[in-house]
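Colleague: One structure is given below, represented as structure tokens, and several questions about it will come after.
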There are 2 protein chains.
Amino acid sequence: MLTVFGSTALDTIRTPKKTLKDVLGGAATFAAISASNFVDTGLIAVVGKDFPKEYHQILSKYLDLKGLTIKEGKTFRYDGSYDKTLSTRETLKTELNVLADFKPTVPEEYKKSQFVYLANNDPDQNSALIKEFDKVKFSMCDTIEFWISTKRESVIKMIKAVDAVVINDEEAKLLTKEFNLIKCAKKIMEWGAKYVIIKKGEHGSLMFFDDVIFPCVGFSLEDVVDPTGAGDSFAGAMIGYLASKNSINSAEIKKAVVYGNVLGSFAVEKYGLDGLLQIKKQTLQNESSYMKR
Amino acid sequence: MLTVFGSTALDTIRTPKKTLKDVLGGAATFAAISASNFVDTGLIAVVGKDFPKEYHQILSKYLDLKGLTIKEGKTFRYDGSYDKTLSTRETLKTELNVLADFKPTVPEEYKKSQFVYLANNDPDQNSALIKEFDKVKFSMCDTIEFWISTKRESVIKMIKAVDAVVINDEEAKLLTKEFNLIKCAKKIMEWGAKYVIIKKGEHGSLMFFDDVIFPCVGFSLEDVVDPTGAGDSFAGAMIGYLASKNSINSAEIKKAVVYGNVLGSFAVEKYGLDGLLQIKKQTLQNESSYMKR
């Protein structure tokens, strides 16, 4: 079983063609639903009393929700706007709401999870939470610019506490203060991560472990409509696949990265979560064998 | 046999760590020397009387120079400066000198060349020159921002006159006025190119032909010192490999792209041409089989 911890949000996403208001989103939501294509996945997150029933139904269709807390107050909200090339996003508003003083706990049933993904989140909270699991075989975290800029030392501490870091290229450079991605990865490995996976958006990814560099191309798409959640979907697919195999040998982890790239590409083809919710098993296999050619 | 047409230059290259003054460079020089790893290569270019004897010796060691004109006057000079991340280059000075009124002709012995590469150059001159070849099986051109901005219609005319276009991602977007690389490639194919190869620097490349997209990762390097000539080395290796096989079937053209990426990576590891001049056959094979994994 896999446990995913992080944010579930109501997103307002402004793209050149369409604006989505208060749609189901959040790093943990994308990661967990992506992972659920491969393995039973439990979600640890919090939402407010305003969280729409239909979204709760979507989550419960794909995920185990013993870890989902429904609290008095409003759900975490994010509002962001993409430029016309969909390559940069400006944050217009972040309302933490119920997330602000959330004290996550791990349900008893999840404590035996061998695979744990700490989605982008306060690094101190991530570092504390991972200690509550008894039998972790493989843990992975992500982080973003906000935490690197405000709590860099805590991010580095979190990295020490996990096996793998999945991070995008610009954030890897910001975190390590290096320009070259190999140098970035080496520094993150020196801090204690055994695996570093640098996501490069449409250009795919680079995975580093031991003295191996495993590059993977991105899956080229002609019609990208909404990049939101692509990186989270990548991470979720990667750890979801590994959990389904209950293995982290080098062949499986390479395949996991290929699935990461494929699911990331599904996410951006539709608005919001729709790309992930409409995946058919056959398509998943076709795309992945294309990538592994 | 392969013929390469384009500029041979004396470059001044300013990198964060080192400045090179009046070193041997030029798009055709890089492309032809890169190609010469695979096949006999003839160079059509012009230099001035000031062209150093030692540079002439280097060229003559790797290339057939029947097409090299030595003219009264000074050699074409380029002066450019990289930023500290080596990702953007500012042009400080371009002195066309002998290139300004050069009227290239194709030596009789070259007219039977089945493979012709038109390096970045005045598109009208490229379009005229390709007509002088009698038995072209595969021709390829490159172009840069300067020609797209000043002679876009001529660039499109040149594309109609060749089989393949190799172009970097930013220039493909500028030329086609599209953001998405698949859309860029489709437009260039509509203009008449059968193959479009979009170079993405460290992120590798995408090749398009028929309804195929062939992505290729870049060869990751920890120490990049001088990106000058990487794209030209890519193109030269690609067409040089195809010429050596005298084939453009789909398996060979994919291998050609892999060699393109590998030779591009050699170019940036050393200053100026040194990366290309120091290639050992064994290294070339090792790196390429790594990429084809």
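Just remember, in the structure tokens the first chain shown is A, the second B, etc., residues are 1-based per chain, and ligands are 1-based in the order shown.
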Neighbouring residues of Gly218 in chain A were defined as those with any atom within 7 Å, considering only C-alpha atoms; residues of the same chain fewer than 2 positions away were excluded. Please report them as a ChimeraX atom specification.

Modeller: /A:202-204,216,220,261

Colleague: Excluding Tyr271 in chain B and any residue of its chain fewer than 2 positions from it, enumerate the residues within 12 Å of it, using only C-alpha atoms, and give them as number ranges by chain.

Modeller: B: 11-21, 23-25, 223-230, 266-269, 273-278

Colleague: Please save C-alpha atoms of the selected residues as a PDB file, in the first residue's frame.

Modeller:
ATOM      1  CA  ASP B  11      35.675  33.610 -33.323  1.00  0.00           C
ATOM      2  CA  THR B  12      36.129  35.592 -30.164  1.00  0.00           C
ATOM      3  CA  ILE B  13      34.257  33.685 -27.462  1.00  0.00           C
ATOM      4  CA  ARG B  14      33.811  35.131 -24.009  1.00  0.00           C
ATOM      5  CA  THR B  15      32.828  32.569 -21.363  1.00  0.00           C
ATOM      6  CA  PRO B  16      32.675  33.113 -17.593  1.00  0.00           C
ATOM      7  CA  LYS B  17      35.995  31.319 -17.096  1.00  0.00           C
ATOM      8  CA  LYS B  18      37.943  32.102 -20.237  1.00  0.00           C
ATOM      9  CA  THR B  19      38.033  34.338 -23.317  1.00  0.00           C
ATOM     10  CA  LEU B  20      39.235  32.912 -26.617  1.00  0.00           C
ATOM     11  CA  LYS B  21      40.432  35.393 -29.227  1.00  0.00           C
ATOM     12  CA  VAL B  23      39.977  31.007 -32.705  1.00  0.00           C
ATOM     13  CA  LEU B  24      38.962  28.745 -35.587  1.00  0.00           C
ATOM     14  CA  GLY B  25      35.178  28.548 -35.765  1.00  0.00           C
ATOM     15  CA  ASP B 223      31.247  20.370 -17.065  1.00  0.00           C
ATOM     16  CA  VAL B 224      30.090  22.470 -19.972  1.00  0.00           C
ATOM     17  CA  VAL B 225      32.624  25.139 -20.826  1.00  0.00           C
ATOM     18  CA  ASP B 226      31.696  26.532 -24.260  1.00  0.00           C
ATOM     19  CA  PRO B 227      28.424  25.837 -26.084  1.00  0.00           C
ATOM     20  CA  THR B 228      29.703  27.353 -29.349  1.00  0.00           C
ATOM     21  CA  GLY B 229      29.208  25.066 -32.319  1.00  0.00           C
ATOM     22  CA  ALA B 230      27.148  22.414 -30.536  1.00  0.00           C
ATOM     23  CA  PHE B 266      31.580  16.595 -27.278  1.00  0.00           C
ATOM     24  CA  ALA B 267      31.638  20.111 -28.703  1.00  0.00           C
ATOM     25  CA  VAL B 268      30.611  21.813 -25.466  1.00  0.00           C
ATOM     26  CA  GLU B 269      32.987  19.983 -23.152  1.00  0.00           C
ATOM     27  CA  LEU B 273      36.810  23.198 -31.682  1.00  0.00           C
ATOM     28  CA  ASP B 274      38.937  21.276 -29.176  1.00  0.00           C
ATOM     29  CA  GLY B 275      36.079  19.011 -28.108  1.00  0.00           C
ATOM     30  CA  LEU B 276      35.632  17.804 -31.694  1.00  0.00           C
ATOM     31  CA  LEU B 277      39.336  17.546 -32.473  1.00  0.00           C
ATOM     32  CA  GLN B 278      40.012  15.286 -29.490  1.00  0.00           C
TER      33      GLN B 278
END

Colleague: Residues of chain B near chain A: apply a cut-off of 8 Å, count only C-alpha atoms, and supply the list as a PyMOL selection string.

Modeller: chain B and resi 85+179-183+203+215-217+220-223

Colleague: Determine which residues of range 11-160 of chain A receive a DSSP assignment of helix (DSSP H, G or I), computed from the backbone, and state them as a PyMOL selection string.

Modeller: chain A and resi 27-35+53-62+97-99+108-110+123-130+145-150+152-160

Colleague: Go ahead and dump the residues you just picked, N, CA and C atoms, as a compact mmCIF listing (two decimals), in the first residue's frame.

Modeller:
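Done, and the output landed in part-v7.txt:
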# COMPACT_ATOMS: atom_id res chain seq x y z
N ALA A 27 -1.56 19.26 -4.60
CA ALA A 27 -0.46 18.36 -4.96
C ALA A 27 -0.77 16.91 -4.59
N ALA A 28 -1.30 16.70 -3.39
CA ALA A 28 -1.56 15.32 -2.95
C ALA A 28 -2.70 14.69 -3.75
N THR A 29 -3.68 15.49 -4.12
CA THR A 29 -4.79 14.96 -4.92
C THR A 29 -4.28 14.41 -6.25
N PHE A 30 -3.51 15.23 -6.97
CA PHE A 30 -2.96 14.77 -8.26
C PHE A 30 -2.08 13.54 -8.07
N ALA A 31 -1.18 13.61 -7.08
CA ALA A 31 -0.24 12.50 -6.88
C ALA A 31 -0.98 11.21 -6.52
N ALA A 32 -1.94 11.31 -5.62
CA ALA A 32 -2.62 10.10 -5.14
C ALA A 32 -3.48 9.49 -6.25
N ILE A 33 -4.20 10.33 -6.98
CA ILE A 33 -5.05 9.77 -8.05
C ILE A 33 -4.18 9.17 -9.16
N SER A 34 -3.06 9.81 -9.45
CA SER A 34 -2.13 9.24 -10.43
C SER A 34 -1.62 7.88 -9.94
N ALA A 35 -1.22 7.82 -8.68
CA ALA A 35 -0.70 6.57 -8.10
C ALA A 35 -1.76 5.47 -8.12
N LYS A 53 -19.50 17.90 -2.13
CA LYS A 53 -19.79 16.47 -2.02
C LYS A 53 -19.32 15.70 -3.26
N GLU A 54 -19.51 16.33 -4.43
CA GLU A 54 -19.11 15.64 -5.67
C GLU A 54 -17.60 15.40 -5.72
N TYR A 55 -16.81 16.32 -5.15
CA TYR A 55 -15.36 16.12 -5.13
C TYR A 55 -14.99 15.00 -4.15
N HIS A 56 -15.72 14.98 -3.03
CA HIS A 56 -15.49 13.91 -2.07
C HIS A 56 -15.77 12.55 -2.72
N GLN A 57 -16.81 12.53 -3.54
CA GLN A 57 -17.16 11.28 -4.23
C GLN A 57 -16.06 10.87 -5.21
N ILE A 58 -15.51 11.85 -5.92
CA ILE A 58 -14.41 11.53 -6.85
C ILE A 58 -13.24 10.93 -6.08
N LEU A 59 -12.85 11.61 -5.00
CA LEU A 59 -11.72 11.10 -4.21
C LEU A 59 -11.99 9.68 -3.72
N SER A 60 -13.21 9.46 -3.22
CA SER A 60 -13.50 8.15 -2.61
C SER A 60 -13.57 7.04 -3.67
N LYS A 61 -13.80 7.42 -4.89
CA LYS A 61 -13.83 6.42 -5.97
C LYS A 61 -12.42 5.87 -6.25
N TYR A 62 -11.42 6.73 -6.07
CA TYR A 62 -10.05 6.35 -6.43
C TYR A 62 -9.17 6.01 -5.22
N ASN A 97 -6.41 28.66 4.80
CA ASN A 97 -7.66 28.21 5.47
C ASN A 97 -7.41 27.04 6.42
N VAL A 98 -8.12 25.93 6.27
CA VAL A 98 -7.97 24.81 7.23
C VAL A 98 -6.58 24.20 7.26
N LEU A 99 -5.78 24.48 6.21
CA LEU A 99 -4.43 23.93 6.15
C LEU A 99 -3.52 24.62 7.18
N GLU A 108 -3.89 4.42 12.00
CA GLU A 108 -3.21 3.16 12.36
C GLU A 108 -2.97 2.26 11.15
N GLU A 109 -4.01 2.14 10.29
CA GLU A 109 -3.91 1.24 9.13
C GLU A 109 -2.83 1.66 8.14
N TYR A 110 -2.47 2.95 8.16
CA TYR A 110 -1.47 3.43 7.19
C TYR A 110 -0.04 3.27 7.70
N PRO A 123 8.10 21.59 4.95
CA PRO A 123 9.13 20.53 5.12
C PRO A 123 9.24 20.03 6.56
N ASP A 124 8.98 20.90 7.53
CA ASP A 124 9.03 20.44 8.93
C ASP A 124 7.91 19.45 9.22
N GLN A 125 6.74 19.75 8.67
CA GLN A 125 5.61 18.85 8.85
C GLN A 125 5.89 17.50 8.16
N ASN A 126 6.48 17.57 6.95
CA ASN A 126 6.84 16.34 6.24
C ASN A 126 7.84 15.52 7.04
N SER A 127 8.87 16.18 7.58
CA SER A 127 9.91 15.47 8.35
C SER A 127 9.32 14.81 9.59
N ALA A 128 8.36 15.49 10.22
CA ALA A 128 7.73 14.93 11.43
C ALA A 128 6.85 13.74 11.06
N LEU A 129 6.08 13.89 9.98
CA LEU A 129 5.11 12.86 9.62
C LEU A 129 5.77 11.53 9.23
N ILE A 130 6.88 11.62 8.51
CA ILE A 130 7.50 10.38 8.01
C ILE A 130 7.94 9.48 9.17
N GLU A 145 9.45 26.29 -4.74
CA GLU A 145 10.17 27.55 -4.51
C GLU A 145 9.82 28.18 -3.16
N PHE A 146 8.53 28.18 -2.79
CA PHE A 146 8.10 28.85 -1.57
C PHE A 146 8.87 28.33 -0.35
N TRP A 147 8.99 27.00 -0.24
CA TRP A 147 9.68 26.42 0.92
C TRP A 147 11.18 26.59 0.81
N ILE A 148 11.71 26.52 -0.39
CA ILE A 148 13.15 26.72 -0.57
C ILE A 148 13.53 28.15 -0.16
N SER A 149 12.68 29.09 -0.51
CA SER A 149 12.98 30.49 -0.19
C SER A 149 12.77 30.82 1.28
N THR A 150 11.80 30.14 1.91
CA THR A 150 11.48 30.52 3.29
C THR A 150 12.06 29.57 4.33
N ARG A 152 14.82 26.93 3.73
CA ARG A 152 15.78 26.08 3.02
C ARG A 152 16.40 25.01 3.92
N GLU A 153 16.76 25.38 5.16
CA GLU A 153 17.39 24.41 6.05
C GLU A 153 16.44 23.25 6.39
N SER A 154 15.16 23.58 6.52
CA SER A 154 14.17 22.54 6.79
C SER A 154 13.99 21.62 5.57
N VAL A 155 14.09 22.20 4.39
CA VAL A 155 14.00 21.37 3.17
C VAL A 155 15.16 20.37 3.16
N ILE A 156 16.36 20.86 3.49
CA ILE A 156 17.53 19.97 3.50
C ILE A 156 17.37 18.88 4.56
N LYS A 157 16.80 19.25 5.70
CA LYS A 157 16.53 18.27 6.76
C LYS A 157 15.53 17.21 6.29
N MET A 158 14.51 17.67 5.59
CA MET A 158 13.51 16.73 5.04
C MET A 158 14.17 15.76 4.06
N ILE A 159 15.07 16.27 3.24
CA ILE A 159 15.75 15.43 2.25
C ILE A 159 16.54 14.30 2.94
N LYS A 160 17.15 14.64 4.07
CA LYS A 160 17.88 13.62 4.86
C LYS A 160 16.95 12.50 5.31
